[in-house]
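Coordinates as given in protein-v9.txt (compact mmCIF, C-alpha atoms):
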# COMPACT_ATOMS: atom_id res chain seq x y z
CA MET E 2 173.20 198.71 122.51
CA ASP E 3 172.73 199.27 126.27
CA LEU E 4 172.99 196.77 129.14
CA HIS E 5 169.27 195.93 128.92
CA ASP E 6 169.63 195.14 125.23
CA LEU E 7 172.60 192.83 125.94
CA GLN E 8 170.67 191.08 128.72
CA SER E 9 167.66 190.64 126.46
CA GLU E 10 169.81 189.28 123.67
CA ALA E 11 171.53 186.85 126.05
CA ALA E 12 168.15 185.66 127.29
CA GLY E 13 166.91 185.12 123.75
CA VAL E 14 164.23 187.85 124.00
CA GLU E 15 163.15 189.21 120.64
CA SER E 16 163.72 192.96 120.29
CA ALA E 17 161.61 195.08 117.97
CA VAL E 18 161.00 198.59 116.69
CA LEU E 19 157.35 199.63 116.42
CA VAL E 20 156.25 201.56 113.35
CA GLY E 21 153.12 203.70 113.29
CA VAL E 22 151.61 205.96 110.65
CA GLN E 23 150.04 209.37 111.24
CA ARG E 24 147.75 209.99 108.30
CA HIS E 25 146.80 213.43 107.08
CA GLY E 26 144.26 214.98 109.44
CA ASP E 27 144.83 212.53 112.30
CA PRO E 28 145.86 214.05 115.66
CA ALA E 29 149.29 213.03 116.96
CA TRP E 30 147.85 211.62 120.20
CA LYS E 31 145.81 209.07 118.26
CA VAL E 32 148.78 207.31 116.67
CA ARG E 33 150.76 207.56 119.92
CA ASP E 34 147.91 205.96 121.83
CA THR E 35 147.60 203.04 119.41
CA LEU E 36 151.40 202.61 119.46
CA ASP E 37 151.32 202.47 123.27
CA GLU E 38 148.71 199.75 122.94
CA LEU E 39 150.85 197.95 120.34
CA ALA E 40 153.75 198.09 122.83
CA GLU E 41 151.52 196.35 125.40
CA LEU E 42 150.56 193.75 122.82
CA ALA E 43 154.20 193.16 121.90
CA GLY E 44 155.08 192.79 125.58
CA SER E 45 152.26 190.28 126.01
CA ALA E 46 153.72 188.34 123.06
CA GLY E 47 157.15 188.26 124.75
CA VAL E 48 158.81 190.95 122.63
CA ARG E 49 160.96 193.78 124.02
CA VAL E 50 160.26 197.17 122.42
CA ALA E 51 163.52 198.95 121.58
CA GLU E 52 162.02 202.08 120.01
CA THR E 53 158.91 203.48 118.32
CA TYR E 54 158.89 205.28 115.01
CA VAL E 55 156.09 207.47 113.63
CA CYS E 56 155.99 208.57 110.01
CA LYS E 57 153.54 211.03 108.49
CA MET E 58 151.92 210.26 105.15
CA ARG E 59 148.78 210.95 103.15
CA GLU E 60 148.20 207.51 101.64
CA PRO E 61 149.88 204.11 102.14
CA ASN E 62 152.49 203.20 99.54
CA PRO E 63 151.26 200.07 97.69
CA ALA E 64 154.78 198.61 97.50
CA THR E 65 156.31 199.39 100.92
CA PHE E 66 153.41 200.94 102.89
CA ILE E 67 155.52 203.90 104.17
CA GLY E 68 157.72 204.48 101.11
CA GLN E 69 161.20 203.17 100.32
CA GLY E 70 163.08 206.10 101.88
CA LYS E 71 161.26 205.78 105.19
CA VAL E 72 161.70 202.00 105.17
CA GLU E 73 165.46 202.40 104.80
CA GLU E 74 165.49 205.02 107.58
CA VAL E 75 163.52 202.74 109.90
CA GLY E 76 165.85 199.83 109.10
CA THR E 77 168.93 201.90 109.92
CA ARG E 78 167.48 203.11 113.22
CA ALA E 79 166.35 199.61 114.15
CA ALA E 80 169.80 198.17 113.41
CA ALA E 81 171.35 200.82 115.67
CA THR E 82 169.20 199.62 118.60
CA GLY E 83 170.08 195.97 118.01
CA ALA E 84 166.48 195.12 117.08
CA SER E 85 165.83 192.25 114.69
CA THR E 86 162.13 192.81 114.04
CA LEU E 87 159.91 195.61 112.73
CA VAL E 88 156.33 195.59 114.04
CA PHE E 89 153.86 197.70 112.07
CA ASP E 90 150.72 199.06 113.75
CA ASP E 91 148.69 198.39 110.59
CA ASP E 92 148.01 195.36 108.44
CA LEU E 93 150.50 194.83 105.61
CA SER E 94 149.85 193.06 102.34
CA PRO E 95 152.12 190.10 101.47
CA PRO E 96 154.07 192.14 98.85
CA GLN E 97 154.55 195.01 101.32
CA SER E 98 155.94 192.67 103.97
CA ARG E 99 158.28 191.02 101.45
CA ASN E 100 159.55 194.34 100.08
CA ILE E 101 160.22 195.79 103.54
CA GLU E 102 162.11 192.65 104.53
CA ASP E 103 164.19 192.84 101.34
CA LEU E 104 165.08 196.48 102.02
CA THR E 105 165.91 196.08 105.71
CA GLY E 106 167.02 192.47 106.09
CA MET E 107 164.76 192.24 109.16
CA LYS E 108 161.73 190.22 110.09
CA VAL E 109 158.51 192.20 109.49
CA VAL E 110 155.36 191.63 111.53
CA ASP E 111 152.06 193.51 111.47
CA ARG E 112 149.48 194.14 114.20
CA THR E 113 147.32 191.18 113.18
CA GLN E 114 150.25 188.77 113.54
CA VAL E 115 150.98 190.04 117.05
CA ILE E 116 147.36 189.58 118.13
CA LEU E 117 147.19 186.12 116.56
CA ASP E 118 150.38 185.15 118.39
CA ILE E 119 148.93 186.25 121.73
CA PHE E 120 145.69 184.39 121.05
CA ALA E 121 147.66 181.25 120.16
CA GLN E 122 149.51 181.47 123.49
CA ARG E 123 146.36 182.03 125.58
CA ALA E 124 143.80 179.62 124.06
CA GLN E 125 143.13 176.82 126.54
CA THR E 126 140.19 174.87 125.13
CA SER E 127 140.04 172.79 121.96
CA GLU E 128 137.43 175.21 120.61
CA GLY E 129 139.68 178.21 121.25
CA ARG E 130 142.64 176.52 119.60
CA LEU E 131 140.54 175.63 116.56
CA GLN E 132 139.38 179.23 116.18
CA ILE E 133 142.95 180.52 116.42
CA GLU E 134 144.24 177.95 113.95
CA LEU E 135 141.51 178.98 111.52
CA ALA E 136 142.52 182.65 111.74
CA GLN E 137 146.23 181.85 111.45
CA LEU E 138 145.83 179.61 108.41
CA GLU E 139 143.60 182.14 106.66
CA TYR E 140 146.28 184.75 107.32
CA LEU E 141 149.04 182.40 106.13
CA LEU E 142 147.46 181.15 102.90
CA PRO E 143 148.05 184.27 100.74
CA ARG E 144 151.59 184.55 102.17
CA LEU E 145 152.82 181.06 101.26
CA ARG E 146 154.82 182.22 98.24
CA HIS E 147 156.66 184.73 100.39
CA MET E 148 157.64 181.95 102.80
CA TRP E 149 159.24 179.97 99.98
CA SER E 150 162.23 182.31 99.82
CA HIS E 151 164.15 180.06 97.42
CA LEU E 152 161.51 180.79 94.77
CA GLU E 153 162.28 184.50 94.93
CA ARG E 154 165.34 183.99 92.77
CA GLN E 155 163.15 182.71 89.94
CA LYS E 156 161.72 185.52 87.82
CA GLY E 157 158.96 185.38 85.24
CA GLY E 158 157.01 182.29 84.28
CA ILE E 159 159.97 180.08 83.27
CA GLY E 160 161.17 177.87 86.09
CA LEU E 161 158.07 178.29 88.21
CA ARG E 162 156.75 174.84 87.32
CA GLY E 163 159.47 172.81 89.02
CA PRO E 164 159.60 170.93 92.34
CA GLY E 165 159.42 174.12 94.36
CA GLU E 166 156.18 175.25 92.75
CA LYS E 167 154.74 171.75 93.13
CA GLN E 168 155.56 171.81 96.82
CA LEU E 169 154.00 175.26 97.14
CA GLU E 170 150.81 173.98 95.53
CA LEU E 171 150.83 170.91 97.80
CA ASP E 172 151.17 173.15 100.85
CA ARG E 173 148.31 175.33 99.64
CA ARG E 174 146.03 172.34 99.10
CA ARG E 175 146.99 170.89 102.48
CA ILE E 176 146.10 174.17 104.20
CA GLU E 177 142.81 174.45 102.32
CA ARG E 178 141.85 170.90 103.35
CA ARG E 179 142.72 171.69 106.95
CA LEU E 180 140.65 174.88 106.76
CA ASP E 181 137.66 172.90 105.53
CA ARG E 182 138.00 170.44 108.43
CA ILE E 183 138.30 173.24 111.00
CA ARG E 184 135.23 175.03 109.60
CA ASP E 185 133.25 171.77 109.81
CA GLU E 186 134.33 171.25 113.43
CA LEU E 187 133.49 174.84 114.37
CA GLU E 188 130.09 174.50 112.70
CA ARG E 189 129.42 171.55 115.02
CA VAL E 190 130.58 173.71 117.95
CA ARG E 191 128.12 176.44 116.91
CA ALA E 192 125.29 173.90 116.67
CA HIS E 193 126.17 172.54 120.14
CA ARG E 194 126.25 176.06 121.61
CA GLU E 195 122.88 176.83 120.04
CA GLU E 196 121.39 173.69 121.59
CA LEU E 197 122.79 174.70 124.99
CA ARG E 198 121.24 178.17 124.62
CA ARG E 199 117.87 176.67 123.74
CA GLY E 200 118.07 174.37 126.74
CA ARG E 201 118.89 177.22 129.10
CA ARG E 202 116.00 179.28 127.79
CA ARG E 203 113.61 176.34 128.05
CA HIS E 204 114.49 176.23 131.73
CA GLY E 205 114.01 179.98 132.15
CA TRP E 206 117.65 181.07 132.39
CA ALA E 207 118.44 184.61 131.27
CA ILE E 208 121.81 184.96 129.50
CA VAL E 209 123.87 188.03 130.39
CA CYS E 210 127.21 188.63 128.66
CA LEU E 211 130.08 190.78 129.88
CA VAL E 212 131.64 192.61 126.95
CA GLY E 213 134.26 195.33 126.82
CA TYR E 214 137.71 196.43 125.84
CA THR E 215 140.53 194.05 126.69
CA ASN E 216 141.78 194.50 130.28
CA ALA E 217 138.66 196.43 131.35
CA GLY E 218 138.22 194.08 134.33
CA LYS E 219 135.53 191.70 133.03
CA SER E 220 136.96 188.57 134.67
CA THR E 221 137.40 190.35 138.00
CA LEU E 222 133.80 191.55 137.78
CA LEU E 223 132.58 188.01 137.00
CA ASN E 224 134.39 186.74 140.10
CA ALA E 225 132.95 189.52 142.26
CA MET E 226 129.39 189.04 140.98
CA CYS E 227 129.33 185.24 141.06
CA GLY E 228 131.76 184.33 143.83
CA SER E 229 133.90 182.44 141.32
CA SER E 230 137.67 182.20 140.93
CA VAL E 231 138.21 182.65 137.20
CA MET E 232 141.75 183.74 136.34
CA ALA E 233 141.92 187.54 136.26
CA ASP E 234 145.14 188.71 134.61
CA PRO E 235 146.07 192.34 133.83
CA ARG E 236 147.69 191.32 130.53
CA LEU E 237 145.85 192.04 127.30
CA PHE E 238 143.65 189.18 126.08
CA ALA E 239 144.08 187.13 129.25
CA THR E 240 140.59 185.68 128.64
CA LEU E 241 139.86 184.02 125.31
CA ASP E 242 137.57 181.13 126.16
CA PRO E 243 134.11 182.11 127.48
CA THR E 244 133.30 181.29 131.10
CA THR E 245 129.73 181.09 132.41
CA ARG E 246 128.61 181.24 136.04
CA LYS E 247 125.26 181.57 137.83
CA VAL E 248 124.62 185.06 139.19
CA ASP E 249 122.20 185.79 142.04
CA LEU E 250 119.82 188.68 141.39
CA PRO E 251 117.59 190.47 143.91
CA ASN E 252 114.38 189.37 142.16
CA HIS E 253 115.47 185.69 142.06
CA GLN E 254 115.49 185.78 138.26
CA PRO E 255 117.57 182.74 137.17
CA ALA E 256 120.46 184.24 135.22
CA LEU E 257 123.83 183.17 133.86
CA LEU E 258 126.74 185.61 133.51
CA THR E 259 129.27 184.92 130.73
CA ASP E 260 132.75 186.42 130.48
CA THR E 261 133.86 186.87 126.85
CA VAL E 262 137.01 187.75 124.94
CA GLY E 263 138.00 191.41 125.15
CA PHE E 264 137.79 193.66 122.11
CA ILE E 265 140.41 196.10 120.86
CA ARG E 266 140.86 198.83 118.27
CA LYS E 267 141.82 197.51 114.85
CA LEU E 268 140.60 194.04 115.83
CA PRO E 269 141.36 191.90 112.76
CA HIS E 270 138.23 190.98 110.84
CA ARG E 271 139.48 187.41 110.37
CA LEU E 272 139.58 187.05 114.16
CA VAL E 273 135.97 188.19 114.43
CA GLU E 274 135.05 185.65 111.76
CA ALA E 275 137.09 182.85 113.37
CA PHE E 276 135.52 183.50 116.78
CA LYS E 277 131.98 183.54 115.38
CA ALA E 278 130.99 180.49 117.43
CA THR E 279 132.08 182.24 120.63
CA LEU E 280 130.81 185.70 119.75
CA GLU E 281 127.35 184.33 118.96
CA GLU E 282 126.97 184.13 122.75
CA VAL E 283 127.10 187.93 122.71
CA ALA E 284 124.78 188.36 119.72
CA ARG E 285 122.14 186.06 121.27
CA ALA E 286 122.37 187.31 124.87
CA ASP E 287 119.33 188.71 126.67
CA LEU E 288 121.46 191.52 128.08
CA LEU E 289 124.97 192.90 127.58
CA VAL E 290 126.95 194.45 130.42
CA HIS E 291 129.53 196.63 128.68
CA VAL E 292 132.42 196.93 131.15
CA VAL E 293 134.47 200.12 130.72
CA ASP E 294 137.78 200.90 132.45
CA ALA E 295 136.82 204.34 133.79
CA SER E 296 140.42 204.95 134.90
CA HIS E 297 141.76 204.78 131.34
CA PRO E 298 142.31 208.19 129.67
CA GLN E 299 140.95 206.82 126.37
CA ALA E 300 137.83 205.24 127.88
CA GLU E 301 135.57 206.98 125.37
CA ALA E 302 137.61 205.64 122.43
CA HIS E 303 137.40 202.17 123.99
CA ILE E 304 133.60 202.43 124.12
CA GLU E 305 133.54 203.35 120.44
CA ALA E 306 135.84 200.41 119.55
CA VAL E 307 133.60 197.94 121.40
CA ASP E 308 130.50 199.42 119.74
CA ALA E 309 132.15 198.90 116.34
CA VAL E 310 132.77 195.20 117.04
CA LEU E 311 129.22 194.74 118.38
CA ARG E 312 127.91 196.19 115.11
CA GLU E 313 130.11 193.81 113.14
CA ILE E 314 128.76 190.73 114.94
CA GLY E 315 125.13 191.91 114.80
CA ALA E 316 124.78 192.61 118.53
CA GLU E 317 124.33 196.39 118.47
CA GLY E 318 120.61 196.10 119.16
CA ARG E 319 120.88 194.01 122.33
CA PRO E 320 119.75 195.63 125.62
CA ARG E 321 122.82 197.04 127.34
CA ILE E 322 124.15 198.39 130.62
CA LEU E 323 127.35 200.42 130.77
CA ALA E 324 129.33 199.41 133.86
CA PHE E 325 132.08 201.94 134.57
CA ASN E 326 134.66 199.84 136.40
CA LYS E 327 137.69 200.78 138.53
CA VAL E 328 135.99 203.87 139.98
CA ASP E 329 138.13 203.38 143.10
CA VAL E 330 141.18 204.44 141.05
CA ALA E 331 142.12 208.13 141.31
CA GLY E 332 140.37 210.21 138.65
CA ALA E 333 138.11 207.40 137.47
CA GLY E 334 134.98 208.62 139.27
CA PRO E 335 134.76 212.02 137.53
CA ARG E 336 135.46 210.39 134.17
CA ALA E 337 132.67 207.86 134.74
CA ARG E 338 130.24 210.67 135.58
CA LEU E 339 131.29 212.51 132.43
CA LEU E 340 130.79 209.43 130.24
CA ALA E 341 127.47 208.54 131.86
CA GLY E 342 125.67 210.87 129.46
CA VAL E 343 125.94 208.46 126.52
CA GLY E 344 122.25 207.60 126.64
CA ALA E 345 122.42 204.05 128.03
CA ARG E 346 121.78 202.67 131.51
CA THR E 347 124.94 203.26 133.52
CA VAL E 348 126.33 202.00 136.83
CA SER E 349 129.64 202.90 138.48
CA VAL E 350 131.38 199.92 140.08
CA SER E 351 134.67 198.64 141.39
CA ALA E 352 135.09 194.92 140.86
CA ALA E 353 138.15 195.02 143.12
CA SER E 354 136.55 196.75 146.14
CA GLY E 355 132.93 195.67 145.63
CA GLU E 356 131.63 199.22 145.31
CA GLY E 357 128.42 199.46 143.27
CA LEU E 358 127.96 195.71 142.77
CA GLU E 359 124.53 195.63 144.40
CA ALA E 360 123.44 198.55 142.21
CA LEU E 361 124.62 196.59 139.17
CA ARG E 362 122.69 193.50 140.28
CA ALA E 363 119.56 195.61 140.69
CA GLU E 364 120.04 197.18 137.25
CA ILE E 365 120.48 193.75 135.63
CA ALA E 366 117.37 192.47 137.39
CA ASP E 367 115.40 195.50 136.22
CA CYS E 368 116.52 195.01 132.61
CA LEU E 369 115.53 191.33 132.73
CA ARG E 370 112.21 191.97 134.41
CA GLU E 371 110.27 191.75 131.15
CA ARG E 372 111.50 188.20 130.61
CA GLY E 373 109.33 187.01 133.52
CA LEU E 374 105.57 186.45 133.47
CA GLU E 375 103.25 188.32 135.78
CA PHE E 376 101.32 186.06 138.09
CA ASP E 377 98.46 186.48 140.57
CA VAL E 378 97.64 183.22 142.31
CA ARG E 379 95.88 181.80 145.38
CA VAL E 380 97.74 178.81 146.75
CA PRO E 381 96.27 176.58 149.49
CA LEU E 382 98.12 177.03 152.77
CA ALA E 383 98.56 173.27 152.90
CA ASP E 384 100.49 173.30 149.58
CA GLY E 385 103.91 174.09 151.00
CA ARG E 386 105.74 172.79 147.93
CA THR E 387 104.19 175.36 145.56
CA GLN E 388 104.72 178.18 148.06
CA ALA E 389 108.39 177.20 148.39
CA LEU E 390 108.75 177.06 144.61
CA ILE E 391 107.39 180.61 144.30
CA ARG E 392 109.61 182.02 147.05
CA GLN E 393 112.67 180.33 145.61
CA SER E 394 112.21 181.25 141.94
CA ALA E 395 109.86 184.24 141.71
CA SER E 396 110.10 187.97 142.22
CA VAL E 397 107.33 188.39 144.80
CA GLN E 398 105.55 191.76 144.81
CA SER E 399 102.81 191.10 147.39
CA GLN E 400 101.56 188.37 149.66
CA GLU E 401 98.24 188.30 151.52
CA PHE E 402 96.82 185.53 153.69
CA GLU E 403 93.18 184.67 153.16
CA GLU E 404 91.07 181.92 154.72
CA GLY E 405 92.84 178.71 153.79
CA PHE E 406 94.90 180.39 151.04
CA VAL E 407 97.82 182.74 150.45
CA ARG E 408 97.47 185.19 147.55
CA ILE E 409 100.81 185.98 145.92
CA THR E 410 101.57 188.36 143.04
CA GLY E 411 104.83 189.01 141.19
CA ARG E 412 106.83 187.66 138.26
CA ILE E 413 107.80 184.07 137.60
CA PRO E 414 110.14 182.49 135.01
CA ALA E 415 108.27 181.22 131.96
CA ARG E 416 109.42 177.65 132.66
CA LEU E 417 107.18 177.57 135.79
CA ARG E 418 104.01 178.65 134.05
CA GLY E 419 102.56 175.15 134.01
CA ALA E 420 103.20 174.66 137.72
CA LEU E 421 101.24 177.80 138.71
CA GLU E 422 98.44 177.91 136.13
CA PRO E 423 96.08 175.78 138.27
CA TYR E 424 96.17 178.48 140.96
CA GLY E 425 95.38 181.68 139.08
CA ARG E 426 96.42 184.12 136.38
CA ILE E 427 99.75 183.79 134.60
CA GLY E 428 100.60 186.55 132.14
CA PRO E 429 98.95 189.95 131.48
CA GLU E 430 95.35 190.56 132.51
CA ASP E 431 92.85 190.66 129.67
CA ASP E 432 89.79 192.13 131.40
CA GLY E 433 91.09 193.65 134.60
CA GLU E 434 89.76 190.76 136.67
CA ARG E 435 92.14 188.27 138.16
CA SER E 436 91.51 184.59 137.61
CA GLN E 437 90.87 182.39 140.59
CA PRO E 438 91.05 178.64 140.89
Would you mind writing the file's structure down as structure tokens?
Amino acid sequence: MDLHDLQSEAAGVESAVLVGVQRHGDPAWKVRDTLDELAELAGSAGVRVAETYVCKMREPNPATFIGQGKVEEVGTRAAATGASTLVFDDDLSPPQSRNIEDLTGMKVVDRTQVILDIFAQRAQTSEGRLQIELAQLEYLLPRLRHMWSHLERQKGGIGLRGPGEKQLELDRRRIERRLDRIRDELERVRAHREELRRGRRRHGWAIVCLVGYTNAGKSTLLNAMCGSSVMADPRLFATLDPTTRKVDLPNHQPALLTDTVGFIRKLPHRLVEAFKATLEEVARADLLVHVVDASHPQAEAHIEAVDAVLREIGAEGRPRILAFNKVDVAGAGPRARLLAGVGARTVSVSAASGEGLEALRAEIADCLRERGLEFDVRVPLADGRTQALIRQSASVQSQEFEEGFVRITGRIPARLRGALEPYGRIGPEDDGERSQP
């Protein structure tokens, strides 16, 4: 144990060995990359990484995941570093966790537990805390028996109907009741969010969601685009609760920009399910801005991971812009140009320096253009209120002054249709002739 280990131990910092698996046919860089990410996750959870261990195998062992011999080897190496915890880069079943703990005498944690722990630390709103509690309890429920370690000494059916088993059943029922209450509360949250979305659309607001891999710079981009001061933290999963701000677009289209939770490879399915109320914002958005960290060497793998989550939540068909962020970082520009051939609209930006932000605004406005209604109206010069309304809310294409009138063409939010209909045509032309009042 070195000086850093002793200092960590004195400070009460948990020390862990990370365990990854290289399956047959997988390249070595792939498991190393996910282990590097797991090390970042562990650091975000307040754990010091003492060492990483990679074992090669064809198929997971149903009893110990990596096999008894490798478990014992990992336990010996971990003990030599002074670590007290083994963190696996894959999900473990309850029996696998229990067997590994029995063989090593160490606490065993899998990737899902680490992510849940980080989410529990970062959730700020009551909604976020409910969603995390739901995911944690669903993870805990099948593992209750393992937590009752005093029952492990009782083998077979005899003796399993005593006070301990009664308490176990009471705990299970208590958790199930709590799960039912949380699901009911989150269902009300979903209904409230849906009502808010309907209200925004009734008033003509377009909803644009920032999505992307965790730490891609979404919060920084939201601040740069909207002039806001949302916390932007380089740690993984710094943003859990969605934040919405008004964004100004060059065509005056009323639009709201929402920052959402970052995605990650091997994102636990139960987290996706628990965050359904939040992720519906993404699935119902008018436009997605997929923010990619162009400076990251695995940017392409990050794009694929985000695409996989979007498919899982039913958002793969939403209109999308790829925003390659951090192009001011050395090497990021060429990588962004290389990745730009993925077939989607692409913009290179730097949320930190402001480079490319106007191009992104223009691209968003262009994507949202179809949401507006074409109009061709003649407004009396004396009607200053209607003229001001058009200039404030519409994308004006042309303006001509005629005797006593001003003829204006362009696009207007649907919510203003009633205000302009007395003055001319709203919507597509049917016969090539424009309507006049």
Which residues of stretch 248-336 of chain E sit at most 8 Å from stretch 121-141 of chain E, using only C-alpha atoms? Give each one's shortest atom pair and distance in Å (one decimal place), in chain and ascending residue order, as CSV.
residue,atom,partner,partner_atom,distance
E:Arg271,CA,E:Ala136,CA,5.8
E:Leu272,CA,E:Ala136,CA,5.8
E:Ala275,CA,E:Gln132,CA,5.1
E:Phe276,CA,E:Gln132,CA,5.8
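A straight line drawn from atom CA of E:Glu102 to atom CA of E:Pro28 is 29.1 Å long.
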Interatomic distance (Å, one decimal) between atom CA of E:Pro298 and atom CA of E:Val310: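 Rounded to one decimal, the two atoms are 20.5 Å apart.
You can rank E:Arg266, E:Arg198, E:Arg174, E:His193 by their closest distance to E:Thr245 using only C-alpha atoms, and at the top of that list sits E:Arg198.
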Closest of E:Leu180, E:Arg426, E:Thr347, E:Arg412 to E:Asp377 - atom-to-atom distances counting only C-alpha atoms: E:Arg426
Closest to E:Gln114 among E:Ile183, E:Leu250, E:Leu39, E:Leu169, using only C-alpha atoms? E:Leu39
Gap from atom CA of E:Val115 to atom CA of E:Asp308 - Å, one decimal: 22.7 Å
Show me a table, sorted first by chain and then by increasing residue number, of the residues of stretch 183-242 of chain E having an atom at most 12 Å from stretch 392-410 of chain E, each with its shortest atom pair and the distance in Å to one decimal, counting only C-alpha atoms and written as JSON lines.
{"residue": "E:His204", "atom": "CA", "partner": "E:Ser394", "partner_atom": "CA", "distance": 11.6}
{"residue": "E:Gly205", "atom": "CA", "partner": "E:Ser394", "partner_atom": "CA", "distance": 10.0}
{"residue": "E:Trp206", "atom": "CA", "partner": "E:Ser394", "partner_atom": "CA", "distance": 11.0}
Write a file of the selected residues as a PDB file, in the frame of the given file, keeping C-alpha atoms.
ATOM      1  CA  HIS E 204     114.490 176.230 131.730  1.00  0.00           C
ATOM      2  CA  GLY E 205     114.010 179.980 132.150  1.00  0.00           C
ATOM      3  CA  TRP E 206     117.650 181.070 132.390  1.00  0.00           C
TER       4      TRP E 206
END
As a tab-separated table (two decimals), in the coordinates of the input, could you write out stretch 317-329 of chain E once it has been completed with N, CA and C atoms?
chain	number	residue	atom	x	y	z
E	317	GLU	N	124.50	194.99	118.05
E	317	GLU	CA	124.33	196.39	118.47
E	317	GLU	C	122.95	196.68	119.03
E	318	GLY	N	121.96	195.84	118.69
E	318	GLY	CA	120.61	196.10	119.16
E	318	GLY	C	120.26	195.42	120.48
E	319	ARG	N	121.19	194.69	121.09
E	319	ARG	CA	120.88	194.01	122.33
E	319	ARG	C	120.74	195.01	123.47
E	320	PRO	N	119.83	194.76	124.43
E	320	PRO	CA	119.75	195.63	125.62
E	320	PRO	C	121.11	195.68	126.31
E	321	ARG	N	121.45	196.87	126.84
E	321	ARG	CA	122.82	197.04	127.34
E	321	ARG	C	122.88	197.91	128.58
E	322	ILE	N	123.80	197.56	129.46
E	322	ILE	CA	124.15	198.39	130.62
E	322	ILE	C	125.62	198.75	130.49
E	323	LEU	N	125.95	200.01	130.71
E	323	LEU	CA	127.35	200.42	130.77
E	323	LEU	C	127.81	200.38	132.22
E	324	ALA	N	128.79	199.52	132.50
E	324	ALA	CA	129.33	199.41	133.86
E	324	ALA	C	130.71	200.05	133.89
E	325	PHE	N	130.79	201.24	134.49
E	325	PHE	CA	132.08	201.94	134.57
E	325	PHE	C	132.86	201.36	135.74
E	326	ASN	N	133.88	200.58	135.41
E	326	ASN	CA	134.66	199.84	136.40
E	326	ASN	C	135.88	200.65	136.85
E	327	LYS	N	136.46	200.20	137.97
E	327	LYS	CA	137.69	200.78	138.53
E	327	LYS	C	137.48	202.21	139.02
E	328	VAL	N	136.25	202.52	139.51
E	328	VAL	CA	135.99	203.87	139.98
E	328	VAL	C	136.71	204.17	141.29
E	329	ASP	N	137.33	203.15	141.90
E	329	ASP	CA	138.13	203.38	143.10
E	329	ASP	C	139.52	203.93	142.76
